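J.: Have a look at this one before I ask anything.
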Protein chains: 4
Amino acid sequence: MKIGVVGLGYWGPNMVRNFLATRGVEGVVCCDMLTRRLENITRLFPSVEVTTSYDELLQRDDVKAVAIVTPVSTHYALALKALKAGKHVLIEKPMTARSVEAQELLQLAYERNLILMVDHTFVYTGAVRKMKELISRGDIGDVLYFDSVRVNLGLFQHDASVIWDLAPHDISIMDYLIDQKPISVSAVGIRHFNGFEDIAYLAVHFAGHLIAHFHVNWISPVKVRKILLGGTKLMVVYDDMEPSEKVRVYDRGVDVKEEETVYKTLVQYRTGDMFAPHIDGTEALSRMTGEFVTSIQTGKRPIADGEAGLNVVRILEAAELSMRSGGRRVELTPWQVYDGARTSKLA
Amino acid sequence: MKIGVVGLGYWGPNMVRNFLATRGVEGVVCCDMLTRRLENITRLFPSVEVTTSYDELLQRDDVKAVAIVTPVSTHYALALKALKAGKHVLIEKPMTARSVEAQELLQLAYERNLILMVDHTFVYTGAVRKMKELISRGDIGDVLYFDSVRVNLGLFQHDASVIWDLAPHDISIMDYLIDQKPISVSAVGIRHFNGFEDIAYLAVHFAGHLIAHFHVNWISPVKVRKILLGGTKLMVVYDDMEPSEKVRVYDRGVDVKEEETVYKTLVQYRTGDMFAPHIDGTEALSRMTGEFVTSIQTGKRPIADGEAGLNVVRILEAAELSMRSGGRRVELTPWQVYDGARTSKLA
Amino acid sequence: MKIGVVGLGYWGPNMVRNFLATRGVEGVVCCDMLTRRLENITRLFPSVEVTTSYDELLQRDDVKAVAIVTPVSTHYALALKALKAGKHVLIEKPMTARSVEAQELLQLAYERNLILMVDHTFVYTGAVRKMKELISRGDIGDVLYFDSVRVNLGLFQHDASVIWDLAPHDISIMDYLIDQKPISVSAVGIRHFNGFEDIAYLAVHFAGHLIAHFHVNWISPVKVRKILLGGTKLMVVYDDMEPSEKVRVYDRGVDVKEEETVYKTLVQYRTGDMFAPHIDGTEALSRMTGEFVTSIQTGKRPIADGEAGLNVVRILEAAELSMRSGGRRVELTPWQVYDGARTSKLA
Amino acid sequence: MKIGVVGLGYWGPNMVRNFLATRGVEGVVCCDMLTRRLENITRLFPSVEVTTSYDELLQRDDVKAVAIVTPVSTHYALALKALKAGKHVLIEKPMTARSVEAQELLQLAYERNLILMVDHTFVYTGAVRKMKELISRGDIGDVLYFDSVRVNLGLFQHDASVIWDLAPHDISIMDYLIDQKPISVSAVGIRHFNGFEDIAYLAVHFAGHLIAHFHVNWISPVKVRKILLGGTKLMVVYDDMEPSEKVRVYDRGVDVKEEETVYKTLVQYRTGDMFAPHIDGTEALSRMTGEFVTSIQTGKRPIADGEAGLNVVRILEAAELSMRSGGRRVELTPWQVYDGARTSKLA
């Protein structure tokens with residue numbers, strides 16, 4: 001099979017490089033309106049084919065799937081067209097600019113039995129996979145909180161707040177690590193320069209004893225990418241700026257005892273060893289493109305599927321609404337594909 | 001003059017030690033209901049006088065002032081009694097459990113012309129004073145945000161949330177550094193173990209382009225005490241866990257240009273040198289007790305006066321209310337002492 | 001039993017405090033020529049007895065042992081007198097200014113059957129004990145190297161080079177951790193200000209495949225206290241400046257394979273997890289004074305006995321000689337107490 | 001002009017990439033015995049010409065200069081041939097395996113009036129250039145010491161000790177930063193696995209009050225690249241592992257006072273601000289290739305010229321000799337090109 005890559009700006013060439021090295025891919029067809037970019041990609045990777053016509057790309061039978069690496073405002077229209085043309089679709093994060101758009105794409109992919117996947121690169125890193133492994137094995141215990149900080153001196157976007165730029169990374173990590181469904185979102189933010197929030201704080205609320213919080217900031221003098229994950233058994237610090245030992249697991253926690261005699265709850269803390277597991281260094285993007293191709297071949301649902309993409313978009317959208325209404329909680333109502341036309345539901 | 005120190009638990013002995021070394025203090029009279037503690041303080045500081053009777057302490061003419069270092073729930077009643085007895089009063093932070101209590105104390109101190117001060121120790125550290133100096137000199141420019149993280153594996157309090165335990169430090173620093181008055185507070189938190197929030201996120205809102213945010217957490221495996229302060233000219237990172245170089249000043253920021261031709265705002269960032277000023281290592285508590293005594297002698301208002309104490313309590317109270325009502329913004333209405341009985345207003 | 005503490009300068013009061021809290025000690029008698037210091041120690045610890053006469057102290061029957069906490073040049077004479085008076089002796093490190101002095105003290109203590117111990121405080125820290133445990137259990141494998149850096153902006157001594165001031169700490173740690181006997185020492189250093197070396201590099205050589213190296217420096221702008229310990233199975237970094245996780249154990253190393261076909265040795269490295277064991281936080285000095293008293297009571301040899309003290313002095317002395325002779329290797333010839341008068345040898 | 005690049009292993013392709021982007025270079029001709037490597041470089045950079053014949057390369061008139069990026073044992077023979085063919089020569093560090101070889105190349109380049117340069121990449125980094133600027137401006141004062149640590153879990157070389165692999169970087173930095181000529185070298189090292197030293201400590205001695213020391217180690221579990229530079233006015237820490245703030249300048253030092261009354265030298269230390277200058281992020285290799293081309297065009301001597309290359313080789317050679325003879329000091333006798341055939345000396 002061949003893969004079409006649409007959009008050869010900053011991230012597109014990385015996609016091309018990884019698809020070229022992915023088993024099962026026989027060729028990459030690059031599509032962009034700017035011929036300058038197509039010339040450039042040909043220089044870097046002489047084996048690729050190029051076209052300026054998206055329609056032409058979709059008409060080719062040898063192109064079974066397309067990767068959409070364009071600005072977020074164009075994701076929906078391009079993906080819709082591709083799905084209608086019977087192509088499997090991979091979309092750069094965030095999946096779409098509105099949740100209704102993501103829902104429509106999910107529904108369509110479901111009906112046509114096509115793979116719909118989002119490039120949540122971080123869930124394919126060795127560090128996040130190691131954290132998932134610790135949680136799945138039960139080592140962490142119940143998750144108590146997820147606290148993320150992603151700040152730096154950042155390039156201001158001309159069409160969106162810092163939430164849409166930085167938070168998708170951490171929300172996709174949270175969506176992958178935590179099995180519970182969030183029920184509401186609250187957020188506060190502030191605008192300083194160009195009409196879009198450059199600092200924001202998001203809280204994601206769950207039914208149980210769990211909170212997730214995200215600090216995103218474009219005007220920090222230092223670069224921080226850090227997640228604290230507290231569990232009843234172990235706690236984890238994931239610091240992506242560490243050259244090695246990105247994930248540190250602490251045997252620290254809280255012990256709660258019900259003391260009969262004093263009729264009150266004794267809460268004490270416990271301090272044990274720290275442990276930094278060796279992290280697999282395979283490039284996340286290569287693992288991601290590999291899973292896309294495997295999913296197409298086998299029908300197996302990818303980790304970062306359309307539903308994961310929708311989850312992220314819904315939280316971003318709710319956060320934006322909350323910011324615009326004084327920080328009040330915005331509910332996340334359940335949603336799933338309508339299966340009138342098919343018998344099996346998405347798990 | 002002699003100073004009475006009420007409450008000889010964890011912090012009281014430090015107060016005693018510093019008052020004994022303060023110029024102008026002729027003696028310290030220690031007061032506690034537990035004789036065990038009084039015996040202990042006598043062993044440590046043989047020169048102190050002791051008493052188990054607070055009333056007796058207040059009746060002494062040589063005791064001009066008292067320092068109240070007892071649990072927060074008792075601050076109001078003890079301070080009220082002291083002010084009524086004509087004593088100057090220093091109160092451990094947070095000043096009171098409710099803002100109306102703080103307001104009553106402020107009004108009374110104003111009417112009786114007595115010094116009312118709060119032990120906001122951090123505003124007397126070399127690090128915070130250096131930051132104040134940078135702001136006052138105009139080096140920082142306009143403050144854009146104040147972001148604080150104070151987390152660790154902490155001892156759970158039996159009668160209050162993490163907000164009342166950890167946030168007073170950072171809110172008092174913010175109150176000292178930032179000249180603007182906050183207008184509202186929103187907060188989210190979560191309880192896991194004993195009915196009180198052990199994690200909370202507070203946002204303090206101002207009229208202009210400024211936000212302050214506080215993350216406090218008792219169940220973090222690692223200890224973090226860090227403040228980011230963004231200004232239009234310089235940005236500061238204050239890391240209290242650093243053994244040296246606690247304050248780092250970055251010549252980094254955002255440049256905004258109005259481009260006529262493209263009809264849009266260009267926002268770019270700028271990266272320059274970093275600078276870690278030498279920090280005065282004088283013990284903060286000694287500077288604080290010194291200012292209390294000087295204020296009594298000269299009538300000069302201390303930095304951490306009753307009003308500062310009230311500011312902190314009002315924000316804590318509003319944060320608690322916001323947490324209990326889904327994170328909505330709680331307004332902070334202006335308040336000041338009623339000066340019907342006196343002519344001069346507090347500056 | 002009572003303990004005499006001789007020398008109440010900087011370190012002496014810590015000794016007093018710990019002996020007062022040591023089980024089996026009925027009292028502490030403080031001795032110093034300066035009455036000002038004796039007044040001060042009485043204020044801090046009202047229960048101590050004081051004297052300005054060392055002879056008087058040694059004549060007391062209730063004083064079974066003395067701790068000598070005076071300048072190094074006086075250690076030998078004071079310890080000799082104490083041993084001759086039948087007292088057990090604890091000496092501040094370094095044990096003596098010359099190895100022959102240490103040898104004479106060792107011989108005398110052996111003949112009189114008295115405990116002779118040196119205050120190598122670091123070997124009583126939780127961190128160093130944990131490293132010893134890892135080595136003793138065989139977890140580290142064969143030790144390949146011991147590399148120590150101890151540098152800071154330091155107070156210049158008026159009578160000795162940086163070697164005698166800083167290196168005893170790390171050499172005593174090495175002597176405790178490594179079972180092999182060193183065979184020679186080489187060192188280079190440089191003097192800048194007052195006629196004594198303020199920077200020095202010491203290498204300690206062993207018969208087998210092992211080297212120990214020490215960098216000590218009084219004119220470093222930053223404070224570093226770090227030891228790397230390489231083993232065939234695991235490697236350790238001990239960073240004493242880390243507030244927590246002082247000891248980090250790395251499952252990293254070198255794999256050597258003899259490849260038959262290519263007739264050469266293939267050397268590859270291996271990277272696994274990192275592990276930071278929880279470190280016992282008991283004050284090292286309290287553990288040290290405890291062992292001294294236990295040794296007196298039971299006759300059991302302390303870890304930091306006179307022989308350990310001698311080992312450190314011999315290396316310091318050899319390093320000084322090597323520095324004065326262009327860095328050539330200075331041999332360490334075997335030495336042990338002469339047991340003509342007794343049957344059993346020191347192990 | 002065109003540049004020939006000989007050796008397309010690990011480092012060669014970086015050279016090619018930078019020469020292709022260097023102003024004044026019209027083309028790059030790649031030479032390697034392995035056609036697989038030539039195919040690979042053509043795929044990466046379609047514009048390059050390739051040849052398997054070094055002689056053919058040297059015969060081309062359009063190729064004015066060659067960059068030799070082959071194993072060190074081949075540097076001398078390849079460079080000699082190139083200089084004899086009238087080509088300017090850039091050699092990968094270390095320049096040659098023996099100092100006599102380097103001397104012969106220097107003499108030949110001098111006689112033929114050709115540029116001879118060594119790829120001491122680090123002296124072209126923003127960090128090292130900033131340090132040079134601080135020294136040249138007199139900000140540092142007199143340099144007191146240069147202490148370098150370069151350790152990691154490294155790939156063992158099959159034909160040389162760790163000295164030849166890691167130390168050239170730091171020695172070339174020292175040679176660039178320090179104006180004085182070293183007079184002798186002493187070194188100790190140890191072999192564990194394959195007959196070559198995997199850990200070594202080098203000391204370079206100068207006539208005045210200056211010492212340089214280098215710790216290189218292939219079996220360290222952690223990666224350290226750190227240089228301490230002490231001066232009479234300021235001190236510098238250069239930590240190449242820091243993502244930002246690689247160079248930290250400390251206003252710390254030693255003050256020496258001659259006190260008349262006490263007839264002794266008082267040495268005290270001073271602690272002031274710390275300052276991390278913004279570092280130019282231009283790729284060092286691009287600056288290096290740029291200087292090579294400019295030197296060819298203008299005749300201006302490059303910073304990392306053949307003499308710098310020789311200085312490094314002589315220290316490596318002396319260190320190796322010292323290691324093989326028990327660490328004794330090996331003298332570095334002065335050397336310079338013989339200018340019987342030319343009038344002007346090398347400055």
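Each chain of the structure tokens is named A, B, ... in the order shown, its residues numbered from 1; ligands are numbered from 1 in display order.
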Please report, as CSV, each residue of segment 81-110 of chain B lying at most 12 Å from segment 305-308 of chain B, together with the nearest pair of atoms and the separation in Å rounded to one decimal; use only C-alpha atoms, and order rows by chain and ascending residue number.
T.:
```
residue,atom,partner,partner_atom,distance
B:His88,CA,B:Gly306,CA,11.4
B:Val89,CA,B:Gly306,CA,9.5
B:Leu90,CA,B:Asp305,CA,8.9
B:Ile91,CA,B:Gly306,CA,9.0
B:Glu92,CA,B:Gly306,CA,11.3
B:Lys93,CA,B:Ala308,CA,10.4
B:Pro94,CA,B:Ala308,CA,10.3
B:Met95,CA,B:Gly306,CA,8.0
B:Thr96,CA,B:Gly306,CA,10.4
B:Ser99,CA,B:Glu307,CA,10.7
B:Glu101,CA,B:Gly306,CA,11.3
B:Ala102,CA,B:Gly306,CA,7.6
B:Gln103,CA,B:Glu307,CA,8.4
B:Glu104,CA,B:Gly306,CA,10.5
B:Leu105,CA,B:Gly306,CA,8.0
B:Leu106,CA,B:Gly306,CA,6.0
B:Gln107,CA,B:Gly306,CA,9.7
B:Leu108,CA,B:Gly306,CA,10.8
B:Ala109,CA,B:Gly306,CA,8.7
B:Tyr110,CA,B:Gly306,CA,9.8
```
J.: Those same residues, written as a tab-separated table (two decimals), in the first residue's frame with C-alpha atoms?
T.:
```
chain	number	residue	atom	x	y	z
B	88	HIS	CA	0.95	45.25	70.62
B	89	VAL	CA	0.29	41.97	68.86
B	90	LEU	CA	2.21	39.68	66.51
B	91	ILE	CA	0.23	36.67	65.20
B	92	GLU	CA	1.47	33.51	63.56
B	93	LYS	CA	0.13	33.08	60.00
B	94	PRO	CA	-2.61	32.66	58.94
B	95	MET	CA	-3.80	35.61	61.01
B	96	THR	CA	-7.27	34.27	61.82
B	99	SER	CA	-11.83	37.42	57.69
B	101	GLU	CA	-12.20	38.20	62.89
B	102	ALA	CA	-9.19	39.76	61.22
B	103	GLN	CA	-11.22	42.84	60.40
B	104	GLU	CA	-12.32	43.25	64.00
B	105	LEU	CA	-8.70	42.98	65.18
B	106	LEU	CA	-7.58	45.52	62.59
B	107	GLN	CA	-10.30	47.96	63.65
B	108	LEU	CA	-9.43	47.56	67.31
B	109	ALA	CA	-5.68	47.97	66.76
B	110	TYR	CA	-6.41	51.08	64.71
```
J.: Kindly provide, as a PDB file with N, CA and C atoms, in the first residue's frame, the residues of chain D having any atom no farther than 8 Å from an atom of chain B, counting only C-alpha atoms.
T.:
```pdb
ATOM      1  N   GLU D 245      21.834  27.824  29.717  1.00  0.00           N
ATOM      2  CA  GLU D 245      22.797  28.269  30.741  1.00  0.00           C
ATOM      3  C   GLU D 245      24.005  27.340  30.868  1.00  0.00           C
ATOM      4  N   THR D 271      31.704  36.111  48.073  1.00  0.00           N
ATOM      5  CA  THR D 271      30.581  35.524  47.336  1.00  0.00           C
ATOM      6  C   THR D 271      29.677  36.619  46.788  1.00  0.00           C
ATOM      7  N   GLY D 272      29.515  36.646  45.486  1.00  0.00           N
ATOM      8  CA  GLY D 272      28.657  37.667  44.875  1.00  0.00           C
ATOM      9  C   GLY D 272      27.622  37.040  43.969  1.00  0.00           C
ATOM     10  N   ASP D 273      27.245  37.753  42.940  1.00  0.00           N
ATOM     11  CA  ASP D 273      26.199  37.302  42.032  1.00  0.00           C
ATOM     12  C   ASP D 273      26.695  36.190  41.117  1.00  0.00           C
ATOM     13  N   MET D 274      25.753  35.535  40.483  1.00  0.00           N
ATOM     14  CA  MET D 274      26.069  34.592  39.413  1.00  0.00           C
ATOM     15  C   MET D 274      25.394  35.106  38.151  1.00  0.00           C
ATOM     16  N   PHE D 275      25.985  34.784  37.017  1.00  0.00           N
ATOM     17  CA  PHE D 275      25.550  35.367  35.759  1.00  0.00           C
ATOM     18  C   PHE D 275      25.717  34.326  34.665  1.00  0.00           C
ATOM     19  N   ALA D 276      24.642  34.080  33.914  1.00  0.00           N
ATOM     20  CA  ALA D 276      24.713  33.093  32.829  1.00  0.00           C
ATOM     21  C   ALA D 276      24.474  33.811  31.508  1.00  0.00           C
ATOM     22  N   PRO D 277      25.547  34.152  30.809  1.00  0.00           N
ATOM     23  CA  PRO D 277      25.367  34.921  29.566  1.00  0.00           C
ATOM     24  C   PRO D 277      24.622  34.114  28.513  1.00  0.00           C
ATOM     25  N   HIS D 278      23.874  34.813  27.691  1.00  0.00           N
ATOM     26  CA  HIS D 278      23.211  34.155  26.560  1.00  0.00           C
ATOM     27  C   HIS D 278      24.274  33.623  25.608  1.00  0.00           C
TER      28      HIS D 278
END
```
J.: I need the alpha helix (DSSP H) residues of segment 78-227 of chain B per DSSP on the backbone, written as a ChimeraX atom specification.
T.: /B:78-84,99-112,126-136,162-177
J.: Do you have the atom CA of Ile199 of chain A-atom CA of Arg329 of chain A distance handy?
T.: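 Pair atom CA of Ile199 of chain A / atom CA of Arg329 of chain A returns 18.6 Å.
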J.: Tell me which protein, DNA and RNA residues are within 7 Å of Gly253 of chain C, counting only C-alpha atoms, leaving out same-chain ones fewer than 2 positions away, and put them as number ranges by chain.
T.: C: 232-234, 251, 255, 269-271; D: 219
